[in-house]
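Asker: Handing over structure-v9.csv, CSV, C-alpha atoms.
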```
chain,number,residue,atom,x,y,z
A,1,THR,CA,29.0,-19.5,11.5
A,2,GLY,CA,32.2,-18.2,10.0
A,3,LEU,CA,31.5,-20.0,6.8
A,4,LYS,CA,32.8,-18.2,3.7
A,5,LEU,CA,31.0,-19.0,0.5
A,6,PRO,CA,30.7,-17.7,-3.1
A,7,VAL,CA,27.5,-15.8,-3.5
A,8,ILE,CA,26.0,-18.4,-5.8
A,9,ASN,CA,25.7,-22.1,-4.9
A,10,MET,CA,23.8,-25.1,-6.2
A,11,GLY,CA,20.4,-26.3,-5.2
A,12,VAL,CA,20.8,-29.8,-6.5
A,13,MET,CA,17.2,-30.9,-5.8
A,14,ASN,CA,16.0,-32.0,-9.2
A,15,SER,CA,19.3,-33.3,-10.7
A,16,ASP,CA,20.5,-36.9,-10.7
A,17,ASN,CA,23.2,-36.2,-13.3
A,18,PRO,CA,26.6,-36.6,-11.7
A,19,ASN,CA,28.3,-34.8,-14.5
A,20,LEU,CA,26.3,-31.6,-13.8
A,21,ILE,CA,27.2,-31.7,-10.1
A,22,ARG,CA,30.8,-32.4,-10.9
A,23,ALA,CA,30.9,-29.5,-13.4
A,24,ALA,CA,29.4,-27.2,-10.8
A,25,LEU,CA,32.1,-28.1,-8.2
A,26,ASP,CA,34.9,-27.8,-10.9
A,27,SER,CA,33.6,-24.4,-11.8
A,28,GLY,CA,33.8,-23.0,-8.3
A,29,ILE,CA,30.5,-23.9,-6.6
A,30,VAL,CA,31.3,-24.8,-3.0
A,31,LEU,CA,27.9,-25.5,-1.3
A,32,LEU,CA,25.7,-28.3,-2.6
A,33,ASP,CA,22.2,-28.1,-1.2
A,34,THR,CA,20.1,-31.2,-1.0
A,35,ALA,CA,17.5,-32.9,1.3
A,36,HIS,CA,16.6,-36.3,2.7
A,37,ALA,CA,13.4,-36.3,0.7
A,38,TYR,CA,14.7,-35.1,-2.7
A,39,MET,CA,14.1,-37.7,-5.4
A,40,GLN,CA,13.3,-40.2,-2.6
A,41,GLY,CA,16.9,-40.2,-1.5
A,42,ARG,CA,18.5,-40.5,-5.0
A,43,ASN,CA,19.6,-36.8,-4.8
A,44,GLU,CA,21.9,-37.4,-1.8
A,45,GLU,CA,23.1,-40.7,-3.3
A,46,VAL,CA,24.3,-39.0,-6.5
A,47,ILE,CA,26.0,-36.2,-4.6
A,48,GLY,CA,27.7,-38.9,-2.5
A,49,SER,CA,29.1,-40.5,-5.7
A,50,VAL,CA,30.4,-37.2,-6.9
A,51,ILE,CA,32.1,-36.0,-3.7
A,52,LYS,CA,33.7,-39.4,-3.0
A,53,GLY,CA,37.4,-39.0,-3.1
A,54,ARG,CA,37.3,-35.2,-3.2
A,55,PRO,CA,39.1,-33.3,-0.3
A,56,ARG,CA,36.5,-32.8,2.4
A,57,GLU,CA,37.5,-29.1,2.8
A,58,SER,CA,36.8,-28.4,-0.9
A,59,TYR,CA,33.0,-28.5,-0.6
A,60,LEU,CA,30.2,-27.9,1.9
A,61,ILE,CA,27.0,-29.9,2.1
A,62,GLY,CA,23.7,-28.6,3.3
A,63,SER,CA,20.9,-31.1,3.7
A,64,LYS,CA,17.4,-31.1,5.3
A,65,VAL,CA,15.2,-33.3,7.3
A,66,SER,CA,11.4,-32.8,7.5
A,67,LEU,CA,8.8,-34.5,9.7
A,68,PRO,CA,5.1,-35.3,9.1
A,69,GLN,CA,3.0,-32.2,9.5
A,70,ASP,CA,-0.6,-31.2,8.9
A,71,ARG,CA,-0.6,-29.6,5.5
A,72,THR,CA,-3.3,-27.2,6.4
A,73,THR,CA,-2.1,-25.9,9.7
A,74,GLY,CA,1.7,-26.5,9.3
A,75,LEU,CA,1.8,-28.0,12.8
A,76,TYR,CA,3.3,-31.3,13.8
A,77,GLY,CA,1.5,-34.4,15.0
A,78,ASP,CA,2.4,-37.6,16.9
A,79,GLY,CA,4.8,-38.9,14.2
A,80,ALA,CA,7.1,-35.9,14.4
A,81,THR,CA,9.5,-37.5,16.9
A,82,GLU,CA,13.1,-37.0,17.9
A,83,ALA,CA,13.9,-40.6,16.9
A,84,GLU,CA,12.4,-40.2,13.4
A,85,PHE,CA,14.5,-37.0,12.8
A,86,LEU,CA,17.7,-38.8,13.9
A,87,ARG,CA,16.9,-41.8,11.8
A,88,LYS,CA,16.5,-39.7,8.7
A,89,LEU,CA,19.7,-37.8,9.4
A,90,ASP,CA,21.7,-41.0,9.8
A,91,LEU,CA,20.3,-42.3,6.5
A,92,SER,CA,21.2,-39.1,4.8
A,93,LEU,CA,24.8,-39.3,6.0
A,94,LYS,CA,25.0,-42.9,4.7
A,95,ARG,CA,23.7,-41.8,1.3
A,96,LEU,CA,26.1,-38.9,1.1
A,97,GLY,CA,29.0,-41.1,2.3
A,98,ILE,CA,30.2,-38.5,4.9
A,99,ASP,CA,30.3,-38.4,8.7
A,100,GLN,CA,29.0,-34.8,9.0
A,101,VAL,CA,26.9,-32.3,7.1
A,102,ASP,CA,28.0,-28.7,7.3
A,103,ILE,CA,24.5,-27.3,7.6
A,104,LEU,CA,21.5,-29.4,8.6
A,105,TYR,CA,18.2,-27.7,8.1
A,106,HIS,CA,14.9,-28.2,10.0
A,107,HIS,CA,13.0,-28.3,6.7
A,108,ASN,CA,9.8,-26.7,5.4
A,109,VAL,CA,8.7,-24.8,8.4
A,110,SER,CA,5.7,-22.4,8.1
A,111,ARG,CA,4.7,-21.8,11.8
A,112,LYS,CA,6.6,-20.5,14.8
A,113,GLU,CA,5.3,-23.4,16.8
A,114,SER,CA,6.9,-25.8,14.5
A,115,ALA,CA,10.2,-23.9,14.6
A,116,PHE,CA,10.2,-24.4,18.4
A,117,HIS,CA,9.1,-28.1,18.1
A,118,GLU,CA,11.0,-29.6,21.0
A,119,PRO,CA,11.7,-33.1,19.5
A,120,VAL,CA,13.5,-31.4,16.6
A,121,LEU,CA,15.5,-29.1,18.7
A,122,ASN,CA,16.5,-32.1,20.9
A,123,ALA,CA,17.5,-34.2,17.9
A,124,MET,CA,19.6,-31.4,16.4
A,125,THR,CA,21.3,-30.8,19.7
A,126,LYS,CA,22.2,-34.5,20.0
A,127,ALA,CA,23.4,-34.6,16.4
A,128,LYS,CA,25.6,-31.6,16.9
A,129,GLN,CA,27.1,-33.1,20.1
A,130,ALA,CA,27.8,-36.3,18.2
A,131,GLY,CA,29.6,-34.4,15.4
A,132,LYS,CA,27.1,-35.2,12.7
A,133,ILE,CA,26.2,-31.6,11.9
A,134,ARG,CA,28.3,-28.4,12.1
A,135,PHE,CA,25.5,-25.8,12.1
A,136,ALA,CA,21.7,-26.0,12.7
A,137,GLY,CA,19.5,-24.3,10.2
A,138,ILE,CA,15.8,-23.8,9.3
A,139,THR,CA,14.1,-23.5,5.9
A,140,THR,CA,10.8,-21.7,5.2
A,141,HIS,CA,8.8,-21.5,1.9
A,142,SER,CA,5.7,-19.7,3.2
A,143,ASN,CA,4.8,-17.5,6.1
A,144,GLU,CA,8.5,-16.7,6.1
A,145,PRO,CA,8.6,-13.6,8.4
A,146,GLU,CA,7.0,-15.5,11.2
A,147,VAL,CA,9.5,-18.4,10.9
A,148,ILE,CA,12.5,-16.2,10.5
A,149,HIS,CA,11.6,-14.2,13.6
A,150,ALA,CA,11.0,-17.5,15.5
A,151,ALA,CA,14.5,-18.6,14.4
A,152,VAL,CA,16.0,-15.5,15.9
A,153,ASP,CA,14.0,-15.7,19.1
A,154,SER,CA,14.9,-19.4,19.6
A,155,ARG,CA,18.6,-18.5,19.9
A,156,PHE,CA,19.1,-22.0,18.5
A,157,TYR,CA,19.3,-21.8,14.8
A,158,GLU,CA,22.4,-20.5,13.1
A,159,VAL,CA,21.3,-20.4,9.4
A,160,VAL,CA,18.1,-19.4,7.7
A,161,LEU,CA,17.2,-20.6,4.2
A,162,THR,CA,14.3,-18.6,3.0
A,163,SER,CA,12.3,-17.9,-0.2
A,164,TYR,CA,13.1,-14.4,-1.2
A,165,ASN,CA,12.2,-12.7,-4.5
A,166,TYR,CA,10.6,-9.6,-5.9
A,167,GLN,CA,7.4,-11.4,-6.8
A,168,GLN,CA,6.5,-12.1,-3.1
A,169,ARG,CA,3.4,-10.1,-2.1
A,170,HIS,CA,4.8,-9.7,1.4
A,171,VAL,CA,8.4,-9.0,0.3
A,172,ALA,CA,8.8,-6.0,2.6
A,173,GLU,CA,8.0,-8.1,5.6
A,174,VAL,CA,10.4,-10.8,4.4
A,175,LYS,CA,13.1,-8.2,3.9
A,176,ASP,CA,12.7,-6.9,7.4
A,177,ALA,CA,12.8,-10.3,9.0
A,178,ILE,CA,16.0,-11.1,7.0
A,179,ALA,CA,17.6,-7.9,8.3
A,180,ARG,CA,16.8,-8.9,11.9
A,181,ALA,CA,18.2,-12.4,11.4
A,182,ALA,CA,21.4,-11.0,9.9
A,183,GLY,CA,21.7,-8.5,12.7
A,184,ALA,CA,21.4,-11.3,15.2
A,185,GLY,CA,24.3,-13.1,13.6
A,186,LEU,CA,22.4,-15.8,11.6
A,187,GLY,CA,23.6,-16.8,8.2
A,188,VAL,CA,21.0,-16.0,5.5
A,189,VAL,CA,20.7,-18.0,2.3
A,190,GLY,CA,18.1,-17.0,-0.3
A,191,MET,CA,16.3,-19.4,-2.5
A,192,LYS,CA,13.6,-19.3,-5.2
A,193,ALA,CA,15.3,-16.1,-6.3
A,194,ILE,CA,15.2,-16.5,-10.1
A,195,ARG,CA,11.9,-18.1,-10.9
A,196,GLY,CA,10.0,-16.8,-7.9
A,197,GLY,CA,9.2,-20.3,-6.8
A,198,PHE,CA,7.3,-20.9,-10.0
A,199,ARG,CA,8.1,-23.4,-12.7
A,200,GLN,CA,8.1,-21.2,-15.8
A,201,ALA,CA,11.5,-20.9,-17.5
A,202,PRO,CA,12.9,-17.4,-17.2
A,203,SER,CA,14.6,-15.5,-20.0
A,204,ALA,CA,18.4,-14.9,-19.5
A,205,GLN,CA,17.6,-11.2,-19.0
A,206,SER,CA,14.9,-11.8,-16.3
A,207,ALA,CA,17.0,-14.4,-14.5
A,208,SER,CA,19.9,-11.9,-14.3
A,209,ALA,CA,17.6,-9.1,-13.1
A,210,ALA,CA,16.0,-11.4,-10.5
A,211,LEU,CA,19.4,-12.5,-9.1
A,212,LYS,CA,20.6,-8.9,-9.0
A,213,TRP,CA,17.5,-7.9,-7.1
A,214,VAL,CA,18.3,-10.4,-4.3
A,215,LEU,CA,22.0,-9.6,-4.2
A,216,GLN,CA,21.4,-5.9,-3.7
A,217,ASP,CA,20.3,-6.8,-0.2
A,218,PRO,CA,23.4,-6.9,2.0
A,219,ASN,CA,21.7,-9.1,4.5
A,220,VAL,CA,21.6,-12.0,2.1
A,221,HIS,CA,24.8,-13.9,2.5
```
I need this file expressed as structure tokens, please.
Answerer:
Amino acid sequence: TGLKLPVINMGVMNSDNPNLIRAALDSGIVLLDTAHAYMQGRNEEVIGSVIKGRPRESYLIGSKVSLPQDRTTGLYGDGATEAEFLRKLDLSLKRLGIDQVDILYHHNVSRKESAFHEPVLNAMTKAKQAGKIRFAGITTHSNEPEVIHAAVDSRFYEVVLTSYNYQQRHVAEVKDAIARAAGAGLGVVGMKAIRGGFRQAPSAQSASAALKWVLQDPNVH
């Protein structure tokens, strides 16, 4: 992608406090990560209120769109259409108050079949051609190696956002998939690094150690 970022960025997800987001940007955070579904849209709206008036080149926005899927199989049904994907993207742009997101992610993918879902690929292609997104990404929270390999094989996605932490039982397979993605030129963003995807509050020492564990992998950008 050519994007240059600090190694730590902000997953805004659970915050609707504009002062916290403003403080993050003022402290050197560049990429704000959100999604169409976070807080039923409130998350994007609050970010939009904070970035309004700021120079567009001073921050990057990553957002995500998901479509209805079978929670058991991870596969898409009839409602996972190109039109619905584009409708959600347009609403996200309106909430954010911008014409273009820097990274738009195909969100919460757990199967290679879903990574290749043609309506999504068509929608993202059209959005890119229209200037609504700069780079096409994909996110995965489970079965990560299969999804990351599919992202590489697709020759479509440019960024992967994946769960990655020392508590994963299949961490070796995740690490190998990340290495392949980086080798193929995809940007790799790690998430769920500190708490391992769980909700317990870490100690300052364990948080630092968990972060260092991820950052020692040169394939995480």
Asker: May I ask which of the residues A:Arg95, A:Lys112, A:Lys128, A:His117 is the closest one to A:Ala80, counting all atoms listed in the file?
Answerer: A:His117
Asker: Atom CA of A:Ser63 and atom CA of A:Thr34 are how many Å apart?
Answerer: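 Computing the Euclidean distance for atom CA of A:Ser63 and atom CA of A:Thr34 yields 4.8 Å.
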Asker: Find the residues around A:Arg56 up to 12 Å (all atoms listed in the file counted), leave out those fewer than 6 positions away in its own chain, and share them as a ChimeraX atom specification.
Answerer: /A:30-31,48,50,97-102
Asker: State, in Å with one decimal place, the distance from atom CA of A:Ala209 to atom CA of A:Leu161.
Answerer: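 Between atom CA of A:Ala209 and atom CA of A:Leu161 the gap is 20.8 Å.
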Asker: Counting all atoms listed in the file, figure out which residue out of A:Gly62, A:Ala83, A:Gln168, A:Pro119 gets nearest to A:Ile138.
Answerer: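 Checking each of A:Gly62, A:Ala83, A:Gln168, A:Pro119 against A:Ile138, counting all atoms listed in the file, the winner is A:Gly62.
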Asker: Can you work out the spacing between atom CA of A:Glu146 and atom CA of A:Ile194 in Å, to one decimal?
Answerer: 22.8 Å
Asker: List as a count of residues only the residues having at least one atom at most 10 Å from position (22.4, -18.7, -6.6) as given in the file, counting all atoms listed in the file.
Answerer: 16
Asker: Kindly indicate which residue among A:Asp217, A:Glu82, A:Asp90, A:Asp16 lies nearest to A:His36, using only C-alpha atoms for the distances.
Answerer: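 Once distances to A:His36 are computed over only C-alpha atoms, the minimum belongs to A:Asp90.
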Asker: Any idea what's packed within 12 Å of A:Val65, counting all atoms listed in the file, ignoring anything in its chain fewer than 2 positions away? Could you give it as an NGL selection string?
Answerer: :A and (34-38 or 41 or 62-63 or 67-68 or 80-82 or 84-93 or 101 or 103-109 or 120 or 123-124 or 136-139)
Asker: Kindly export the residues of the current selection with C-alpha atoms, as a PDB file, keeping the file's coordinate frame.
Answerer:
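Result written to part15.pdb:
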```
ATOM      1  CA  THR A  34      20.100 -31.200  -1.000  1.00  0.00           C
ATOM      2  CA  ALA A  35      17.500 -32.900   1.300  1.00  0.00           C
ATOM      3  CA  HIS A  36      16.600 -36.300   2.700  1.00  0.00           C
ATOM      4  CA  ALA A  37      13.400 -36.300   0.700  1.00  0.00           C
ATOM      5  CA  TYR A  38      14.700 -35.100  -2.700  1.00  0.00           C
ATOM      6  CA  GLY A  41      16.900 -40.200  -1.500  1.00  0.00           C
ATOM      7  CA  GLY A  62      23.700 -28.600   3.300  1.00  0.00           C
ATOM      8  CA  SER A  63      20.900 -31.100   3.700  1.00  0.00           C
ATOM      9  CA  LEU A  67       8.800 -34.500   9.700  1.00  0.00           C
ATOM     10  CA  PRO A  68       5.100 -35.300   9.100  1.00  0.00           C
ATOM     11  CA  ALA A  80       7.100 -35.900  14.400  1.00  0.00           C
ATOM     12  CA  THR A  81       9.500 -37.500  16.900  1.00  0.00           C
ATOM     13  CA  GLU A  82      13.100 -37.000  17.900  1.00  0.00           C
ATOM     14  CA  GLU A  84      12.400 -40.200  13.400  1.00  0.00           C
ATOM     15  CA  PHE A  85      14.500 -37.000  12.800  1.00  0.00           C
ATOM     16  CA  LEU A  86      17.700 -38.800  13.900  1.00  0.00           C
ATOM     17  CA  ARG A  87      16.900 -41.800  11.800  1.00  0.00           C
ATOM     18  CA  LYS A  88      16.500 -39.700   8.700  1.00  0.00           C
ATOM     19  CA  LEU A  89      19.700 -37.800   9.400  1.00  0.00           C
ATOM     20  CA  ASP A  90      21.700 -41.000   9.800  1.00  0.00           C
ATOM     21  CA  LEU A  91      20.300 -42.300   6.500  1.00  0.00           C
ATOM     22  CA  SER A  92      21.200 -39.100   4.800  1.00  0.00           C
ATOM     23  CA  LEU A  93      24.800 -39.300   6.000  1.00  0.00           C
ATOM     24  CA  VAL A 101      26.900 -32.300   7.100  1.00  0.00           C
ATOM     25  CA  ILE A 103      24.500 -27.300   7.600  1.00  0.00           C
ATOM     26  CA  LEU A 104      21.500 -29.400   8.600  1.00  0.00           C
ATOM     27  CA  TYR A 105      18.200 -27.700   8.100  1.00  0.00           C
ATOM     28  CA  HIS A 106      14.900 -28.200  10.000  1.00  0.00           C
ATOM     29  CA  HIS A 107      13.000 -28.300   6.700  1.00  0.00           C
ATOM     30  CA  ASN A 108       9.800 -26.700   5.400  1.00  0.00           C
ATOM     31  CA  VAL A 109       8.700 -24.800   8.400  1.00  0.00           C
ATOM     32  CA  VAL A 120      13.500 -31.400  16.600  1.00  0.00           C
ATOM     33  CA  ALA A 123      17.500 -34.200  17.900  1.00  0.00           C
ATOM     34  CA  MET A 124      19.600 -31.400  16.400  1.00  0.00           C
ATOM     35  CA  ALA A 136      21.700 -26.000  12.700  1.00  0.00           C
ATOM     36  CA  GLY A 137      19.500 -24.300  10.200  1.00  0.00           C
ATOM     37  CA  ILE A 138      15.800 -23.800   9.300  1.00  0.00           C
ATOM     38  CA  THR A 139      14.100 -23.500   5.900  1.00  0.00           C
TER      39      THR A 139
END
```
Asker: Taking the point (37.0, -26.7, 1.0) as given in the file, collect each protein or nucleic acid residue that comes within 10 Å of it, counting all atoms listed in the file, and present the set as a short mmCIF file (atom, residue, chain, number, x, y, z; two decimals) with C-alpha atoms, keeping the file's coordinate frame.
Answerer:
```
data_model
loop_
_atom_site.label_atom_id
_atom_site.label_comp_id
_atom_site.auth_asym_id
_atom_site.auth_seq_id
_atom_site.Cartn_x
_atom_site.Cartn_y
_atom_site.Cartn_z
CA LYS A 4 32.80 -18.20 3.70
CA LEU A 5 31.00 -19.00 0.50
CA VAL A 30 31.30 -24.80 -3.00
CA LEU A 31 27.90 -25.50 -1.30
CA ARG A 54 37.30 -35.20 -3.20
CA PRO A 55 39.10 -33.30 -0.30
CA ARG A 56 36.50 -32.80 2.40
CA GLU A 57 37.50 -29.10 2.80
CA SER A 58 36.80 -28.40 -0.90
CA TYR A 59 33.00 -28.50 -0.60
CA LEU A 60 30.20 -27.90 1.90
#
```
